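So this one's start00.txt, compact mmCIF, C-alpha atoms and all ligand atoms:
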```
# COMPACT_ATOMS: atom_id res chain seq x y z
CA MET Z 23 11.37 41.03 -6.37
CA PHE Z 24 12.35 38.32 -8.85
CA THR Z 25 9.93 35.44 -9.13
CA LEU Z 26 9.93 32.09 -10.87
CA GLU Z 27 6.21 32.08 -11.45
CA GLY Z 28 5.12 28.91 -13.19
CA LYS Z 29 8.62 27.50 -13.56
CA THR Z 30 9.87 24.04 -12.63
CA VAL Z 31 13.34 23.72 -11.12
CA LEU Z 32 15.88 20.93 -10.47
CA ILE Z 33 18.60 21.68 -7.90
CA THR Z 34 21.62 19.40 -7.36
CA GLY Z 35 23.67 19.30 -4.15
CA ALA Z 36 20.48 20.34 -2.37
CA ALA Z 37 21.46 18.73 0.95
CA GLY Z 38 24.43 21.12 1.04
CA GLY Z 39 24.59 24.72 2.23
CA ILE Z 40 24.16 26.57 -1.06
CA GLY Z 41 21.88 23.97 -2.70
CA ALA Z 42 19.51 23.96 0.30
CA ALA Z 43 19.42 27.76 0.32
CA CYS Z 44 18.53 27.68 -3.39
CA ALA Z 45 15.78 25.08 -2.77
CA ARG Z 46 14.27 27.21 -0.01
CA MET Z 47 14.50 30.48 -1.93
CA PHE Z 48 13.20 29.07 -5.22
CA SER Z 49 10.30 27.36 -3.41
CA SER Z 50 9.30 30.61 -1.73
CA HIS Z 51 9.49 32.63 -4.98
CA GLN Z 52 6.55 31.06 -6.80
CA ALA Z 53 8.26 28.18 -8.57
CA ARG Z 54 5.47 25.85 -9.71
CA ALA Z 55 7.48 22.76 -8.72
CA VAL Z 56 10.94 22.05 -7.35
CA ALA Z 57 12.97 18.81 -7.49
CA VAL Z 58 16.04 18.35 -5.31
CA THR Z 59 18.82 15.81 -5.62
CA ASP Z 60 21.88 14.81 -3.58
CA LEU Z 61 23.78 11.76 -2.39
CA ARG Z 62 22.41 12.26 1.12
CA GLU Z 63 18.86 10.94 0.91
CA GLU Z 64 17.79 11.51 4.52
CA SER Z 65 18.93 15.15 4.52
CA LEU Z 66 17.15 15.64 1.21
CA LYS Z 67 13.86 14.26 2.55
CA ALA Z 68 14.16 16.37 5.72
CA LEU Z 69 14.72 19.46 3.56
CA SER Z 70 11.61 18.69 1.47
CA ARG Z 71 9.48 18.24 4.59
CA ASP Z 72 10.77 21.48 6.05
CA ILE Z 73 10.16 23.47 2.85
CA HIS Z 74 6.68 21.95 2.62
CA SER Z 75 5.83 23.09 6.14
CA GLN Z 76 7.09 26.60 5.39
CA THR Z 77 5.85 27.22 1.86
CA GLY Z 78 3.21 24.59 1.10
CA LEU Z 79 5.28 23.38 -1.85
CA GLU Z 80 6.90 19.96 -1.35
CA PRO Z 81 10.06 19.49 -3.41
CA LEU Z 82 10.43 16.12 -5.13
CA ALA Z 83 13.43 14.42 -3.51
CA ILE Z 84 15.51 12.23 -5.85
CA ALA Z 85 18.64 10.70 -4.33
CA GLY Z 86 21.61 9.65 -6.48
CA ASP Z 87 25.32 9.79 -7.17
CA LEU Z 88 26.12 12.22 -9.96
CA ARG Z 89 29.35 10.42 -10.86
CA ASP Z 90 27.30 7.84 -12.75
CA GLU Z 91 25.84 8.86 -16.13
CA ALA Z 92 22.95 6.38 -15.90
CA THR Z 93 22.02 7.81 -12.48
CA VAL Z 94 22.14 11.34 -13.87
CA LYS Z 95 19.74 10.29 -16.65
CA ARG Z 96 17.40 8.73 -14.08
CA ILE Z 97 17.45 11.88 -11.93
CA VAL Z 98 16.63 14.23 -14.81
CA GLN Z 99 13.97 11.88 -16.20
CA SER Z 100 12.34 11.55 -12.76
CA ALA Z 101 12.35 15.33 -12.36
CA VAL Z 102 10.80 15.88 -15.79
CA GLU Z 103 8.17 13.17 -15.24
CA GLY Z 104 7.40 14.39 -11.71
CA MET Z 105 7.11 18.07 -12.62
CA GLY Z 106 5.86 17.78 -16.22
CA ARG Z 107 8.73 19.82 -17.69
CA LEU Z 108 12.12 21.28 -16.71
CA ASP Z 109 12.59 25.05 -16.92
CA VAL Z 110 15.59 25.58 -14.65
CA LEU Z 111 18.58 23.45 -13.59
CA VAL Z 112 20.85 24.74 -10.81
CA ASN Z 113 24.03 22.69 -10.38
CA CYS Z 114 25.23 23.09 -6.78
CA ALA Z 115 26.70 19.63 -6.15
CA GLY Z 116 30.45 19.78 -5.71
CA VAL Z 117 33.43 18.70 -3.64
CA SER Z 118 36.66 20.33 -2.52
CA ARG Z 119 39.50 19.41 -0.18
CA LEU Z 120 42.21 21.26 1.64
CA GLY Z 121 45.68 20.24 0.56
CA GLY Z 122 48.85 20.93 -1.33
CA LEU Z 123 50.38 19.98 -4.64
CA TYR Z 124 52.08 16.74 -3.52
CA GLU Z 125 49.03 15.45 -1.68
CA VAL Z 126 46.89 15.10 -4.81
CA THR Z 127 46.49 11.44 -5.72
CA GLU Z 128 45.18 10.17 -9.04
CA GLU Z 129 42.10 8.92 -7.17
CA GLN Z 130 41.44 12.38 -5.70
CA TRP Z 131 41.90 14.08 -9.06
CA ASP Z 132 39.37 11.73 -10.69
CA PHE Z 133 36.93 12.04 -7.76
CA THR Z 134 36.90 15.84 -7.98
CA PHE Z 135 36.52 15.92 -11.75
CA ASP Z 136 33.91 13.12 -11.78
CA ILE Z 137 31.59 15.20 -9.58
CA ASN Z 138 32.47 18.81 -10.35
CA VAL Z 139 32.85 18.44 -14.13
CA LYS Z 140 31.67 15.10 -15.53
CA GLY Z 141 28.48 14.86 -13.46
CA LEU Z 142 27.69 18.51 -14.15
CA PHE Z 143 28.21 18.02 -17.91
CA PHE Z 144 25.85 15.04 -18.13
CA LEU Z 145 23.26 16.86 -16.03
CA CYS Z 146 23.39 19.81 -18.39
CA ARG Z 147 23.15 17.52 -21.42
CA GLU Z 148 20.10 15.68 -20.07
CA ALA Z 149 18.50 19.01 -19.15
CA PHE Z 150 19.21 20.26 -22.68
CA ARG Z 151 17.20 17.36 -24.14
CA ALA Z 152 14.12 18.34 -22.11
CA MET Z 153 14.59 22.09 -22.60
CA GLN Z 154 15.11 21.75 -26.35
CA ARG Z 155 11.85 19.80 -26.64
CA GLN Z 156 10.05 22.53 -24.66
CA GLY Z 157 11.57 25.42 -26.63
CA GLY Z 158 13.87 26.85 -23.94
CA GLY Z 159 15.17 26.83 -20.40
CA CYS Z 160 17.89 28.03 -18.13
CA ILE Z 161 20.92 26.48 -16.40
CA VAL Z 162 22.96 27.99 -13.56
CA ASN Z 163 26.27 26.26 -12.76
CA LEU Z 164 28.25 26.84 -9.57
CA SER Z 165 31.87 27.62 -10.33
CA SER Z 166 34.13 29.34 -7.79
CA GLN Z 167 36.27 32.39 -7.34
CA ALA Z 168 39.11 29.84 -7.16
CA ALA Z 169 38.62 29.15 -10.90
CA ARG Z 170 40.23 32.47 -11.72
CA SER Z 171 42.32 33.21 -8.62
CA GLY Z 172 43.71 29.69 -8.09
CA GLY Z 173 42.20 29.49 -4.60
CA LEU Z 174 43.88 29.94 -1.24
CA VAL Z 175 43.83 26.74 0.79
CA VAL Z 176 42.10 24.28 -1.51
CA SER Z 177 43.84 21.43 -3.27
CA PRO Z 178 44.82 22.28 -6.92
CA ASP Z 179 42.32 19.85 -8.48
CA TYR Z 180 39.48 22.07 -7.20
CA PRO Z 181 40.29 25.36 -9.02
CA ALA Z 182 41.10 23.31 -12.13
CA SER Z 183 37.67 21.66 -12.00
CA LYS Z 184 35.90 24.97 -11.43
CA ALA Z 185 37.74 26.61 -14.34
CA ALA Z 186 36.41 23.71 -16.43
CA VAL Z 187 32.89 24.58 -15.23
CA LEU Z 188 33.34 28.17 -16.44
CA ALA Z 189 34.57 27.10 -19.88
CA LEU Z 190 31.96 24.36 -20.21
CA SER Z 191 29.16 26.76 -19.31
CA LYS Z 192 30.25 29.20 -22.03
CA SER Z 193 30.43 26.38 -24.55
CA LEU Z 194 26.93 25.23 -23.59
CA ALA Z 195 25.65 28.83 -23.67
CA LYS Z 196 26.71 29.06 -27.33
CA VAL Z 197 25.00 25.80 -28.25
CA GLY Z 198 21.95 26.61 -26.13
CA ALA Z 199 21.33 30.10 -27.47
CA LYS Z 200 19.74 28.88 -30.70
CA HIS Z 201 17.31 26.82 -28.61
CA GLN Z 202 16.56 29.66 -26.13
CA ILE Z 203 18.49 27.81 -23.41
CA ARG Z 204 20.49 30.24 -21.28
CA VAL Z 205 23.56 28.97 -19.39
CA ASN Z 206 25.33 31.08 -16.77
CA THR Z 207 27.70 30.54 -13.86
CA VAL Z 208 27.79 31.90 -10.32
CA SER Z 209 31.25 32.12 -8.71
CA PRO Z 210 31.09 32.34 -4.91
CA GLY Z 211 33.99 33.52 -2.79
CA LEU Z 212 33.95 32.23 0.78
CA ILE Z 213 30.49 31.05 1.88
CA ALA Z 214 29.83 29.50 5.31
CA THR Z 215 28.78 25.88 4.59
CA ASP Z 216 30.01 22.37 5.45
CA MET Z 217 32.50 22.66 2.61
CA THR Z 218 34.36 25.60 4.16
CA ARG Z 219 34.05 24.69 7.85
CA ASP Z 220 37.81 24.13 8.23
CA PHE Z 221 38.99 26.94 5.98
CA GLY Z 222 39.57 29.40 8.82
CA TYR Z 223 39.00 32.67 7.05
CA ASP Z 224 39.03 36.13 8.64
CA PRO Z 225 35.84 38.14 7.90
CA ALA Z 226 37.89 41.34 8.30
CA SER Z 227 39.78 40.46 5.11
CA VAL Z 228 36.54 40.58 3.09
CA PRO Z 229 35.84 44.12 1.81
CA LEU Z 230 32.15 43.82 2.76
CA GLY Z 231 33.27 42.73 6.24
CA ARG Z 232 31.63 39.31 6.52
CA ILE Z 233 31.72 35.75 5.24
CA GLY Z 234 28.91 35.01 2.78
CA ASN Z 235 25.93 32.73 3.43
CA GLY Z 236 23.85 30.42 1.28
CA ASP Z 237 21.19 33.05 0.64
CA ASP Z 238 23.81 35.43 -0.80
CA VAL Z 239 24.48 32.85 -3.52
CA ALA Z 240 20.89 31.67 -3.91
CA GLY Z 241 19.82 35.27 -4.65
CA ALA Z 242 22.20 35.45 -7.62
CA CYS Z 243 20.98 32.05 -8.86
CA LEU Z 244 17.35 33.18 -8.51
CA PHE Z 245 18.02 36.32 -10.54
CA LEU Z 246 19.77 34.38 -13.33
CA ALA Z 247 16.93 31.83 -13.40
CA SER Z 248 14.25 34.52 -13.57
CA ASP Z 249 12.91 36.27 -16.65
CA TYR Z 250 14.67 39.44 -15.43
CA ALA Z 251 17.84 37.80 -16.78
CA SER Z 252 16.30 36.79 -20.10
CA TYR Z 253 19.06 38.53 -22.13
CA ILE Z 254 21.93 37.14 -20.03
CA THR Z 255 23.76 34.03 -21.16
CA GLY Z 256 27.38 32.87 -21.01
CA ALA Z 257 27.94 35.22 -18.07
CA CYS Z 258 29.59 34.70 -14.69
CA VAL Z 259 28.23 36.47 -11.61
CA ASP Z 260 30.77 36.85 -8.77
CA VAL Z 261 29.34 36.59 -5.23
CA ASN Z 262 32.36 37.20 -3.03
CA GLY Z 263 31.89 40.30 -0.88
CA GLY Z 264 34.54 42.07 -2.95
CA ILE Z 265 37.40 39.64 -2.26
CA ALA Z 266 38.25 39.54 -5.95
CA MET Z 267 37.24 42.02 -8.63
CA ILE Z 268 38.37 40.48 -11.90
N1 LIG H 301 31.03 27.26 0.15
C1 LIG H 301 31.83 28.00 -0.58
O1 LIG H 301 32.56 28.89 -0.04
C2 LIG H 301 31.93 27.85 -2.06
C3 LIG H 301 32.76 28.72 -2.76
C4 LIG H 301 32.87 28.59 -4.14
C5 LIG H 301 32.14 27.62 -4.80
N2 LIG H 301 31.34 26.78 -4.10
C6 LIG H 301 30.60 25.76 -4.86
O2 LIG H 301 29.22 25.84 -4.56
C7 LIG H 301 28.64 24.54 -4.66
C8 LIG H 301 27.89 24.23 -3.37
O3 LIG H 301 28.83 24.23 -2.30
P1 LIG H 301 28.43 24.15 -0.76
O4 LIG H 301 29.27 25.14 -0.06
O5 LIG H 301 26.94 24.19 -0.63
O6 LIG H 301 28.99 22.70 -0.39
P2 LIG H 301 28.35 21.56 0.51
O7 LIG H 301 29.47 20.62 0.79
O8 LIG H 301 27.59 22.14 1.65
O9 LIG H 301 27.30 20.88 -0.48
C9 LIG H 301 27.68 20.11 -1.59
C10 LIG H 301 26.66 19.02 -1.78
O10 LIG H 301 27.04 18.24 -2.93
C11 LIG H 301 26.69 16.88 -2.64
N3 LIG H 301 27.47 15.94 -3.44
C12 LIG H 301 28.79 15.72 -3.37
N4 LIG H 301 29.14 14.71 -4.17
C13 LIG H 301 28.01 14.28 -4.77
C14 LIG H 301 27.72 13.24 -5.70
N5 LIG H 301 28.68 12.45 -6.18
N6 LIG H 301 26.45 13.08 -6.11
C15 LIG H 301 25.46 13.87 -5.60
N7 LIG H 301 25.67 14.87 -4.73
C16 LIG H 301 26.93 15.06 -4.31
C17 LIG H 301 27.00 16.73 -1.16
O11 LIG H 301 26.34 15.60 -0.58
C18 LIG H 301 26.59 18.05 -0.58
O12 LIG H 301 25.28 18.02 -0.03
C19 LIG H 301 29.79 23.57 -4.94
O13 LIG H 301 29.85 23.31 -6.32
C20 LIG H 301 31.01 24.37 -4.49
O14 LIG H 301 32.17 23.94 -5.18
C21 LIG H 301 31.21 26.87 -2.74
```
Take the structure from the file and write it as structure tokens.
Ligand SMILES: NC(=O)c1ccc[n+]([C@@H]2O[C@H](COP(=O)([O-])OP(=O)(O)OC[C@H]3O[C@@H](n4cnc5c(N)ncnc54)[C@H](O)[C@@H]3O)[C@@H](O)[C@H]2O)c1
Amino acid sequence: MFTLEGKTVLITGAAGGIGAACARMFSSHQARAVAVTDLREESLKALSRDIHSQTGLEPLAIAGDLRDEATVKRIVQSAVEGMGRLDVLVNCAGVSRLGGLYEVTEEQWDFTFDINVKGLFFLCREAFRAMQRQGGGCIVNLSSQAARSGGLVVSPDYPASKAAVLALSKSLAKVGAKHQIRVNTVSPGLIATDMTRDFGYDPASVPLGRIGNGDDVAGACLFLASDYASYITGACVDVNGGIAMI
């Protein structure tokens, strides 16, 4: 089994389905310390208490809005100060909406890109500063199957933002390699979380016969964050039950 022995981890979007699954799985696989961040402070604190009661490790909860660069800096600095160093960053925060071409407003476009792309970029850059000082680290960014397929029911700003995550992660992987910072993406298909509650998808249309869950994605993130993936960077791992094989 993959472990994160001795590593410190920061997970964004941790009050959400995939982020919470990552926080639980990383905490129970020997991470030395875990920090979690999200807009939703109460859910974050409840998650930390729950993980503490189950694993003995209490994640550091840092609330904040990732659309603001100064807040992103505060979050990463608090995580580094609280845990002593930052070995792994997992970027799960994200937004999507159902909708068609003519329903996208300028405000919606900016909202989606501010969280899914801008916030993620500044998080990665702040993590780079800490990881470069330490001599290495690892980043896992959540993209989406929609980045390459265009998506099914989501509004067009979403696949565009997730394609940006893929390209950005490869760009960062090139810069990071000389500092021993690995950067990879995980592209989920349809995973049962708050985000997809209204998507109405038929499990029978998934080759593996079921909709995915948070643990399906967290497992891929755990592998990429572990030393078992120490020669993997700039890669994208698809977690989609076989819906798309690109
Ligand atoms: N669920 C899926 O089927 C699926 C498929 C492909 C990709 N993804 C991606 O996986 C990631 C996690 O998705 P999920 O299904 O867990 O969604 P979710 O809605 O359950 O969780 C997303 C979390 O991000 C947080 N967030 C949103 N805006 C924020 C902001 N400005 N600042 C801080 N936090 C903010 C939310 O509060 C929420 O807790 C997202 O990036 C999503 O795009 C999900």
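Here atom C13 of ligand LIG 301 (chain H) and CA of Arg46 (chain Z) stand 19.5 Å from one another.
Proximity to ligand LIG 301 (chain H) was assessed for Z:Arg54, Z:Lys95, Z:Arg155, Z:Arg62 counting all atoms listed in the file; the smallest distance is recorded for Z:Arg62.
Proximity of Z:Gly222, Z:Gly28, Z:Pro181, Z:Gly86 to ligand LIG 301 (chain H), computed with all atoms listed in the file, is greatest for Z:Gly86.
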Name the closest residue to Cys146 (chain Z) among the candidates Z:Ile33, Z:Leu244, Z:Val228, Z:Leu26; distances are taken between atoms, counting only C-alpha atoms.
-> Z:Ile33
What is the distance between CA of Gly104 (chain Z) and CA of Ile203 (chain Z), in Å to one decimal?
-> 21.0 Å
Mind listing the residues within 8 Å of ligand LIG 301 (chain H), only C-alpha atoms and all ligand atoms counted, as a PyMOL selection string?
-> chain Z and resi 34-42+59-62+85-89+113-118+136-138+141+163-168+180+184+209-218+234+236
Using all atoms listed in the file, the shortest atom-to-atom distance to Asp132 (chain Z) among Z:Thr25, Z:Ala182, Z:Lys196, Z:Val58 belongs to Z:Ala182
Coordinates of box centre and edge lengths for region 254-258 of chain Z, 4 Å on every side, axis-aligned, as AutoDock Vina command-line options:
```
--center_x 25.8 --center_y 35.0 --center_z -17.9 --size_x 15.7 --size_y 12.3 --size_z 14.5
```
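Minimum atom-to-atom distance to Leu194 (chain Z), evaluated using all atoms listed in the file, belongs to Z:Gly256 out of Z:Tyr250, Z:Gln156, Z:Arg232, Z:Gly256.
CA of Leu246 (chain Z) sits 23.2 Å away from CA of Val94 (chain Z).
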One residue among Z:Glu91, Z:Asp238, Z:Glu80, Z:Asp224 is nearest to Glu148 (chain Z) when using all atoms listed in the file, and that residue is Z:Glu91
Select all residues near (26.6, 24.1, -16.1) (cut-off 10 Å, inclusive, file coordinates), counting all atoms listed in the file, and output them as a PDB file with C-alpha atoms, in the coordinates of the input.
```
ATOM      1  CA  LEU Z 111      18.580  23.450 -13.590  1.00  0.00           C
ATOM      2  CA  VAL Z 112      20.850  24.740 -10.810  1.00  0.00           C
ATOM      3  CA  ASN Z 113      24.030  22.690 -10.380  1.00  0.00           C
ATOM      4  CA  CYS Z 114      25.230  23.090  -6.780  1.00  0.00           C
ATOM      5  CA  ASN Z 138      32.470  18.810 -10.350  1.00  0.00           C
ATOM      6  CA  VAL Z 139      32.850  18.440 -14.130  1.00  0.00           C
ATOM      7  CA  GLY Z 141      28.480  14.860 -13.460  1.00  0.00           C
ATOM      8  CA  LEU Z 142      27.690  18.510 -14.150  1.00  0.00           C
ATOM      9  CA  PHE Z 143      28.210  18.020 -17.910  1.00  0.00           C
ATOM     10  CA  PHE Z 144      25.850  15.040 -18.130  1.00  0.00           C
ATOM     11  CA  LEU Z 145      23.260  16.860 -16.030  1.00  0.00           C
ATOM     12  CA  CYS Z 146      23.390  19.810 -18.390  1.00  0.00           C
ATOM     13  CA  ARG Z 147      23.150  17.520 -21.420  1.00  0.00           C
ATOM     14  CA  CYS Z 160      17.890  28.030 -18.130  1.00  0.00           C
ATOM     15  CA  ILE Z 161      20.920  26.480 -16.400  1.00  0.00           C
ATOM     16  CA  VAL Z 162      22.960  27.990 -13.560  1.00  0.00           C
ATOM     17  CA  ASN Z 163      26.270  26.260 -12.760  1.00  0.00           C
ATOM     18  CA  LEU Z 164      28.250  26.840  -9.570  1.00  0.00           C
ATOM     19  CA  SER Z 165      31.870  27.620 -10.330  1.00  0.00           C
ATOM     20  CA  ALA Z 186      36.410  23.710 -16.430  1.00  0.00           C
ATOM     21  CA  VAL Z 187      32.890  24.580 -15.230  1.00  0.00           C
ATOM     22  CA  LEU Z 188      33.340  28.170 -16.440  1.00  0.00           C
ATOM     23  CA  ALA Z 189      34.570  27.100 -19.880  1.00  0.00           C
ATOM     24  CA  LEU Z 190      31.960  24.360 -20.210  1.00  0.00           C
ATOM     25  CA  SER Z 191      29.160  26.760 -19.310  1.00  0.00           C
ATOM     26  CA  LYS Z 192      30.250  29.200 -22.030  1.00  0.00           C
ATOM     27  CA  SER Z 193      30.430  26.380 -24.550  1.00  0.00           C
ATOM     28  CA  LEU Z 194      26.930  25.230 -23.590  1.00  0.00           C
ATOM     29  CA  ALA Z 195      25.650  28.830 -23.670  1.00  0.00           C
ATOM     30  CA  VAL Z 205      23.560  28.970 -19.390  1.00  0.00           C
ATOM     31  CA  ASN Z 206      25.330  31.080 -16.770  1.00  0.00           C
ATOM     32  CA  THR Z 207      27.700  30.540 -13.860  1.00  0.00           C
ATOM     33  CA  VAL Z 208      27.790  31.900 -10.320  1.00  0.00           C
TER      34      VAL Z 208
END
```
Excluding Ala57 (chain Z) and any residue of its chain fewer than 2 positions from it, enumerate the residues within 7 Å of it, using only C-alpha atoms, and give them as an MDAnalysis selection string.
-> chainID Z and resid 31:33 55 59 81:83 101
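Residues in contact with Val102 (chain Z) at 10 Å, where all atoms listed in the file are counted and same-chain residues fewer than 2 positions away are skipped, are listed as Thr30, Val31, Leu32, Ala57, Arg96, Ile97, Val98, Gln99, Ser100, Gly104, Met105, Gly106, Arg107, Leu108, Asp109, Ala149, Ala152 and Met153 of chain Z.
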Requested write-out: C-alpha atoms of the selected residues, as a short mmCIF file (atom, residue, chain, number, x, y, z; two decimals), in the coordinates of the input:
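Output contents, as saved in out_17.cif:
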```cif
data_model
loop_
_atom_site.label_atom_id
_atom_site.label_comp_id
_atom_site.auth_asym_id
_atom_site.auth_seq_id
_atom_site.Cartn_x
_atom_site.Cartn_y
_atom_site.Cartn_z
CA THR Z 30 9.87 24.04 -12.63
CA VAL Z 31 13.34 23.72 -11.12
CA LEU Z 32 15.88 20.93 -10.47
CA ALA Z 57 12.97 18.81 -7.49
CA ARG Z 96 17.40 8.73 -14.08
CA ILE Z 97 17.45 11.88 -11.93
CA VAL Z 98 16.63 14.23 -14.81
CA GLN Z 99 13.97 11.88 -16.20
CA SER Z 100 12.34 11.55 -12.76
CA GLY Z 104 7.40 14.39 -11.71
CA MET Z 105 7.11 18.07 -12.62
CA GLY Z 106 5.86 17.78 -16.22
CA ARG Z 107 8.73 19.82 -17.69
CA LEU Z 108 12.12 21.28 -16.71
CA ASP Z 109 12.59 25.05 -16.92
CA ALA Z 149 18.50 19.01 -19.15
CA ALA Z 152 14.12 18.34 -22.11
CA MET Z 153 14.59 22.09 -22.60
#
```
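Contact shell of Gly122 (chain Z) at 12 Å (only C-alpha atoms; same-chain neighbours under 6 positions omitted): Gly173, Leu174, Val175, Val176, Ser177, Pro178, Asp179 and Tyr180 of chain Z.
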Region 233-244 of chain Z rebuilt with N, CA and C atoms, output as a PDB file, in the frame of the given file:
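Result file is out18.pdb:
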```pdb
ATOM      1  N   ILE Z 233      31.737  36.946   6.076  1.00  0.00           N
ATOM      2  CA  ILE Z 233      31.720  35.750   5.240  1.00  0.00           C
ATOM      3  C   ILE Z 233      30.313  35.623   4.654  1.00  0.00           C
ATOM      4  N   GLY Z 234      30.219  35.121   3.419  1.00  0.00           N
ATOM      5  CA  GLY Z 234      28.910  35.010   2.780  1.00  0.00           C
ATOM      6  C   GLY Z 234      28.083  33.857   3.347  1.00  0.00           C
ATOM      7  N   ASN Z 235      26.789  33.855   3.036  1.00  0.00           N
ATOM      8  CA  ASN Z 235      25.930  32.730   3.430  1.00  0.00           C
ATOM      9  C   ASN Z 235      25.205  32.185   2.193  1.00  0.00           C
ATOM     10  N   GLY Z 236      24.513  31.080   2.405  1.00  0.00           N
ATOM     11  CA  GLY Z 236      23.850  30.420   1.280  1.00  0.00           C
ATOM     12  C   GLY Z 236      22.879  31.326   0.540  1.00  0.00           C
ATOM     13  N   ASP Z 237      22.169  32.158   1.277  1.00  0.00           N
ATOM     14  CA  ASP Z 237      21.190  33.050   0.640  1.00  0.00           C
ATOM     15  C   ASP Z 237      21.868  34.073  -0.285  1.00  0.00           C
ATOM     16  N   ASP Z 238      23.092  34.491   0.071  1.00  0.00           N
ATOM     17  CA  ASP Z 238      23.810  35.430  -0.800  1.00  0.00           C
ATOM     18  C   ASP Z 238      23.982  34.825  -2.206  1.00  0.00           C
ATOM     19  N   VAL Z 239      24.262  33.531  -2.227  1.00  0.00           N
ATOM     20  CA  VAL Z 239      24.480  32.850  -3.520  1.00  0.00           C
ATOM     21  C   VAL Z 239      23.152  32.510  -4.177  1.00  0.00           C
ATOM     22  N   ALA Z 240      22.203  32.049  -3.360  1.00  0.00           N
ATOM     23  CA  ALA Z 240      20.890  31.670  -3.910  1.00  0.00           C
ATOM     24  C   ALA Z 240      20.218  32.868  -4.603  1.00  0.00           C
ATOM     25  N   GLY Z 241      20.419  34.075  -4.051  1.00  0.00           N
ATOM     26  CA  GLY Z 241      19.820  35.270  -4.650  1.00  0.00           C
ATOM     27  C   GLY Z 241      20.329  35.497  -6.074  1.00  0.00           C
ATOM     28  N   ALA Z 242      21.627  35.291  -6.269  1.00  0.00           N
ATOM     29  CA  ALA Z 242      22.200  35.450  -7.620  1.00  0.00           C
ATOM     30  C   ALA Z 242      21.655  34.371  -8.555  1.00  0.00           C
ATOM     31  N   CYS Z 243      21.519  33.146  -8.030  1.00  0.00           N
ATOM     32  CA  CYS Z 243      20.980  32.050  -8.860  1.00  0.00           C
ATOM     33  C   CYS Z 243      19.522  32.344  -9.233  1.00  0.00           C
ATOM     34  N   LEU Z 244      18.766  32.857  -8.264  1.00  0.00           N
ATOM     35  CA  LEU Z 244      17.350  33.180  -8.510  1.00  0.00           C
ATOM     36  C   LEU Z 244      17.223  34.240  -9.607  1.00  0.00           C
TER      37      LEU Z 244
END
```
